[in-house]
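Here is the structure we will look at.
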Amino acid sequence: MGELVEAPSGSAPSAPTTFTSSPSVASFKQPLRAYLDAHPEFDGIAVGAFVFNPDGKLLLVQRAAHDSLPSLWEIPGGSCDFEDESLLHAVARELWEESGLRATSIVTLIGEGMVFFIRGNRRMCKYSFLTEVEGYDVKLDPNEHQAYLWVTEEEARTGKCGEVEFKYTFNEQREAVYEAFRLRNGANP
């Protein structure tokens with residue numbers, strides 16, 4: 001059973017940036033500017049981190065009630081910054097900022113990029129990666145997320161973990177969660 005854990009006040013220190021990555025994600029080892037120059041169809045890039053604990057449960061975080069998409073659930077992630085060394089470094093940074101977890105390895109891309117629009121007509125693409133971490137002691141940034149859960153595949157599919165019912169930010173997020181479980185459980189992509 002999952003246990004809902006709420007965010008304390010405070011924020012995390014700077015993100016650690018030492019991690020490994022598999023050859024399958026090499027195309028994301030470039031700075032945001034270079035990636036956007038090579039992909040002019042996008043105005044920005046967002047990233048997400050799928051993190052499983054040793055029990056095979058996936059980390060989901062609940063968006064802050066005062067933020068956009070209030071109180072909905074997602075994986076840790078956010079926008080790439082021009083200051084990030086690469087898109088993969090953005091994955092590690094966002095994971096650290098939103099959960100306090102340190103990425104040790106970015107393993108593989110889950111699904112394909114999800115295209116969406118913000119602020120009217122800014123075309124974004126979100127790439128999400130299976131990410132291994134050091135430790136599982138989640139520390140949320142309360143400005144962004146208010147709670148977290150470690151969920152089984154069944155809980156992810158039913159939208160209920162213990163007594164907590166949850167809804168995903170987008171249908172595409174839910175489908176990506178299913179794909180992450182499928183890949184983690186050994187299915188071929």
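Each chain in the structure tokens gets a letter, A, B and so on, in the order shown; residues start at 1 in every chain, and ligands are counted from 1 in the order they appear.
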- prompt: Running DSSP on the backbone, which parts of region 16-144 of chain A land in helix (DSSP H, G or I), as number ranges by chain?
  reply: A: 23-28, 32-38, 87-99
Export, as an mmCIF file, in the first residue's frame, the selected residues with N, CA and C atoms.
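Now in part_32.cif:
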```
data_model
loop_
_atom_site.group_PDB
_atom_site.id
_atom_site.type_symbol
_atom_site.label_atom_id
_atom_site.label_comp_id
_atom_site.auth_asym_id
_atom_site.auth_seq_id
_atom_site.Cartn_x
_atom_site.Cartn_y
_atom_site.Cartn_z
ATOM 1 N N PRO A 23 24.119 4.669 -24.184
ATOM 2 C CA PRO A 23 24.274 5.145 -25.562
ATOM 3 C C PRO A 23 22.931 5.469 -26.237
ATOM 4 N N SER A 24 21.856 4.830 -25.794
ATOM 5 C CA SER A 24 20.554 5.048 -26.437
ATOM 6 C C SER A 24 20.021 6.468 -26.251
ATOM 7 N N VAL A 25 20.576 7.210 -25.288
ATOM 8 C CA VAL A 25 20.114 8.589 -25.055
ATOM 9 C C VAL A 25 21.163 9.623 -25.455
ATOM 10 N N ALA A 26 22.154 9.191 -26.238
ATOM 11 C CA ALA A 26 23.261 10.075 -26.631
ATOM 12 C C ALA A 26 22.787 11.327 -27.369
ATOM 13 N N SER A 27 21.692 11.226 -28.113
ATOM 14 C CA SER A 27 21.220 12.392 -28.868
ATOM 15 C C SER A 27 20.713 13.512 -27.956
ATOM 16 N N PHE A 28 20.536 13.220 -26.673
ATOM 17 C CA PHE A 28 20.088 14.227 -25.709
ATOM 18 C C PHE A 28 21.253 14.811 -24.899
ATOM 19 N N LEU A 32 20.550 22.827 -24.667
ATOM 20 C CA LEU A 32 19.233 23.195 -25.163
ATOM 21 C C LEU A 32 19.329 24.000 -26.458
ATOM 22 N N ARG A 33 20.205 25.001 -26.509
ATOM 23 C CA ARG A 33 20.316 25.841 -27.707
ATOM 24 C C ARG A 33 20.628 24.992 -28.937
ATOM 25 N N ALA A 34 21.591 24.075 -28.832
ATOM 26 C CA ALA A 34 21.956 23.220 -29.966
ATOM 27 C C ALA A 34 20.789 22.318 -30.360
ATOM 28 N N TYR A 35 20.079 21.798 -29.373
ATOM 29 C CA TYR A 35 18.937 20.926 -29.667
ATOM 30 C C TYR A 35 17.841 21.698 -30.390
ATOM 31 N N LEU A 36 17.536 22.903 -29.896
ATOM 32 C CA LEU A 36 16.496 23.715 -30.537
ATOM 33 C C LEU A 36 16.915 24.158 -31.938
ATOM 34 N N ASP A 37 18.196 24.464 -32.122
ATOM 35 C CA ASP A 37 18.682 24.832 -33.460
ATOM 36 C C ASP A 37 18.484 23.679 -34.442
ATOM 37 N N ALA A 38 18.674 22.455 -33.956
ATOM 38 C CA ALA A 38 18.511 21.275 -34.800
ATOM 39 C C ALA A 38 17.045 20.861 -34.947
ATOM 40 N N LEU A 87 20.463 18.334 -22.237
ATOM 41 C CA LEU A 87 19.097 17.963 -21.882
ATOM 42 C C LEU A 87 19.107 16.912 -20.775
ATOM 43 N N LEU A 88 20.089 16.009 -20.792
ATOM 44 C CA LEU A 88 20.179 15.002 -19.730
ATOM 45 C C LEU A 88 20.501 15.647 -18.383
ATOM 46 N N HIS A 89 21.315 16.689 -18.404
ATOM 47 C CA HIS A 89 21.587 17.409 -17.152
ATOM 48 C C HIS A 89 20.315 18.074 -16.628
ATOM 49 N N ALA A 90 19.432 18.485 -17.540
ATOM 50 C CA ALA A 90 18.152 19.050 -17.121
ATOM 51 C C ALA A 90 17.309 17.999 -16.409
ATOM 52 N N VAL A 91 17.372 16.744 -16.868
ATOM 53 C CA VAL A 91 16.652 15.656 -16.195
ATOM 54 C C VAL A 91 17.147 15.543 -14.755
ATOM 55 N N ALA A 92 18.475 15.493 -14.588
ATOM 56 C CA ALA A 92 19.065 15.365 -13.250
ATOM 57 C C ALA A 92 18.713 16.565 -12.375
ATOM 58 N N ARG A 93 18.781 17.771 -12.947
ATOM 59 C CA ARG A 93 18.462 18.980 -12.184
ATOM 60 C C ARG A 93 17.006 19.000 -11.753
ATOM 61 N N GLU A 94 16.102 18.753 -12.689
ATOM 62 C CA GLU A 94 14.672 18.783 -12.355
ATOM 63 C C GLU A 94 14.323 17.715 -11.326
ATOM 64 N N LEU A 95 14.896 16.534 -11.474
ATOM 65 C CA LEU A 95 14.653 15.465 -10.497
ATOM 66 C C LEU A 95 15.108 15.909 -9.116
ATOM 67 N N TRP A 96 16.292 16.502 -9.029
ATOM 68 C CA TRP A 96 16.837 16.973 -7.762
ATOM 69 C C TRP A 96 15.974 18.092 -7.176
ATOM 70 N N GLU A 97 15.633 19.080 -8.009
ATOM 71 C CA GLU A 97 14.846 20.209 -7.517
ATOM 72 C C GLU A 97 13.468 19.789 -7.033
ATOM 73 N N GLU A 98 12.856 18.837 -7.715
ATOM 74 C CA GLU A 98 11.476 18.484 -7.396
ATOM 75 C C GLU A 98 11.339 17.354 -6.392
ATOM 76 N N SER A 99 12.372 16.523 -6.242
ATOM 77 C CA SER A 99 12.242 15.379 -5.335
ATOM 78 C C SER A 99 13.399 15.214 -4.364
#
```
field: Neighbour list for Glu85 (chain A) as a list in words, cut-off 10 Å, only C-alpha atoms, skip fewer than 6 positions in-chain
entry: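 My reading of the contact set: Thr17, Lys29, Gln30, Pro31 and Leu32 of chain A.
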Writing out the chosen residues with N, CA and C atoms as an mmCIF file, in the first residue's frame:
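The result, stored in again-v1.cif:
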```cif
data_model
loop_
_atom_site.group_PDB
_atom_site.id
_atom_site.type_symbol
_atom_site.label_atom_id
_atom_site.label_comp_id
_atom_site.auth_asym_id
_atom_site.auth_seq_id
_atom_site.Cartn_x
_atom_site.Cartn_y
_atom_site.Cartn_z
ATOM 1 N N THR A 17 25.423 16.974 -10.627
ATOM 2 C CA THR A 17 25.378 16.790 -12.081
ATOM 3 C C THR A 17 26.236 15.634 -12.569
ATOM 4 N N LYS A 29 22.495 14.435 -25.260
ATOM 5 C CA LYS A 29 23.691 14.950 -24.588
ATOM 6 C C LYS A 29 24.152 16.228 -25.259
ATOM 7 N N GLN A 30 23.253 17.137 -25.471
ATOM 8 C CA GLN A 30 23.610 18.415 -26.078
ATOM 9 C C GLN A 30 22.848 19.521 -25.368
ATOM 10 N N PRO A 31 23.412 20.721 -25.395
ATOM 11 C CA PRO A 31 22.745 21.853 -24.744
ATOM 12 C C PRO A 31 21.410 22.178 -25.412
ATOM 13 N N LEU A 32 20.550 22.827 -24.667
ATOM 14 C CA LEU A 32 19.233 23.195 -25.163
ATOM 15 C C LEU A 32 19.329 24.000 -26.458
#
```
For region 49-56 of chain A, please output as a compact mmCIF listing (two decimals) with N, CA, C and O atoms, in the first residue's frame all residues within 8 Å (counting only C-alpha atoms; exclusion window: fewer than 2 positions along the same chain).
```txt
# COMPACT_ATOMS: atom_id res chain seq x y z
N VAL A 47 11.51 17.91 -19.72
CA VAL A 47 12.00 16.56 -19.46
C VAL A 47 11.32 16.00 -18.22
O VAL A 47 10.81 16.75 -17.38
N LEU A 58 6.76 3.10 -8.68
CA LEU A 58 7.11 4.32 -9.40
C LEU A 58 6.79 5.55 -8.56
O LEU A 58 5.73 5.63 -7.93
N LEU A 59 7.69 6.53 -8.61
CA LEU A 59 7.47 7.80 -7.91
C LEU A 59 6.54 8.70 -8.72
O LEU A 59 6.81 8.99 -9.88
N ILE A 75 5.17 12.61 -13.04
CA ILE A 75 6.53 12.25 -12.64
C ILE A 75 7.30 13.55 -12.44
O ILE A 75 6.92 14.60 -12.96
N PRO A 76 8.41 13.53 -11.68
CA PRO A 76 9.23 14.74 -11.55
C PRO A 76 9.77 15.18 -12.91
O PRO A 76 10.16 14.34 -13.73
N GLY A 77 9.78 16.48 -13.13
CA GLY A 77 10.31 17.00 -14.39
C GLY A 77 9.99 18.46 -14.56
O GLY A 77 9.36 19.08 -13.70
N VAL A 91 17.37 16.74 -16.87
CA VAL A 91 16.65 15.66 -16.19
C VAL A 91 17.15 15.54 -14.76
O VAL A 91 16.35 15.51 -13.81
N LEU A 95 14.90 16.53 -11.47
CA LEU A 95 14.65 15.46 -10.50
C LEU A 95 15.11 15.91 -9.12
O LEU A 95 14.39 15.74 -8.12
N SER A 128 10.78 11.96 -21.61
CA SER A 128 10.89 11.38 -20.27
C SER A 128 11.78 10.15 -20.30
O SER A 128 11.74 9.37 -21.27
N PHE A 129 12.56 9.98 -19.24
CA PHE A 129 13.60 8.97 -19.21
C PHE A 129 13.51 8.10 -17.97
O PHE A 129 13.25 8.61 -16.87
N LEU A 130 13.76 6.81 -18.14
CA LEU A 130 13.94 5.93 -17.00
C LEU A 130 15.24 6.35 -16.34
O LEU A 130 16.29 6.42 -17.01
N THR A 131 15.18 6.66 -15.06
CA THR A 131 16.32 7.24 -14.35
C THR A 131 16.59 6.48 -13.07
O THR A 131 15.67 6.28 -12.26
N GLU A 132 17.82 6.05 -12.88
CA GLU A 132 18.22 5.40 -11.63
C GLU A 132 18.74 6.47 -10.68
O GLU A 132 19.31 7.48 -11.11
N VAL A 133 18.52 6.24 -9.38
CA VAL A 133 18.87 7.24 -8.37
C VAL A 133 19.67 6.64 -7.23
O VAL A 133 19.71 5.42 -7.05
N TYR A 136 16.29 6.83 -1.83
CA TYR A 136 14.88 7.02 -2.18
C TYR A 136 14.16 7.92 -1.18
O TYR A 136 12.95 7.87 -1.06
N TRP A 150 4.67 6.34 -3.92
CA TRP A 150 5.34 5.28 -4.66
C TRP A 150 4.23 4.30 -5.02
O TRP A 150 3.59 3.75 -4.13
N THR A 152 2.43 1.01 -7.33
CA THR A 152 2.59 -0.21 -8.12
C THR A 152 1.96 0.02 -9.49
O THR A 152 1.24 1.01 -9.70
N VAL A 177 3.33 6.50 -18.13
CA VAL A 177 3.51 5.70 -16.90
C VAL A 177 3.32 4.22 -17.23
O VAL A 177 4.12 3.37 -16.82
N ALA A 180 6.34 2.99 -19.04
CA ALA A 180 7.49 2.84 -18.15
C ALA A 180 7.41 1.52 -17.40
O ALA A 180 8.41 0.80 -17.28
```
query: With only C-alpha atoms as the basis for distance, which of A:Cys161, A:Val115, A:Leu183, A:Ala147 is at the shortest distance from Ser71 (chain A)?
result: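 Comparing A:Cys161, A:Val115, A:Leu183, A:Ala147 against Ser71 (chain A), the winner is A:Ala147.
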query: Using only C-alpha atoms, which residue out of A:Tyr148, A:Tyr127, A:Phe166, A:Phe181 lies closest to Gly48 (chain A)?
result: A:Tyr127
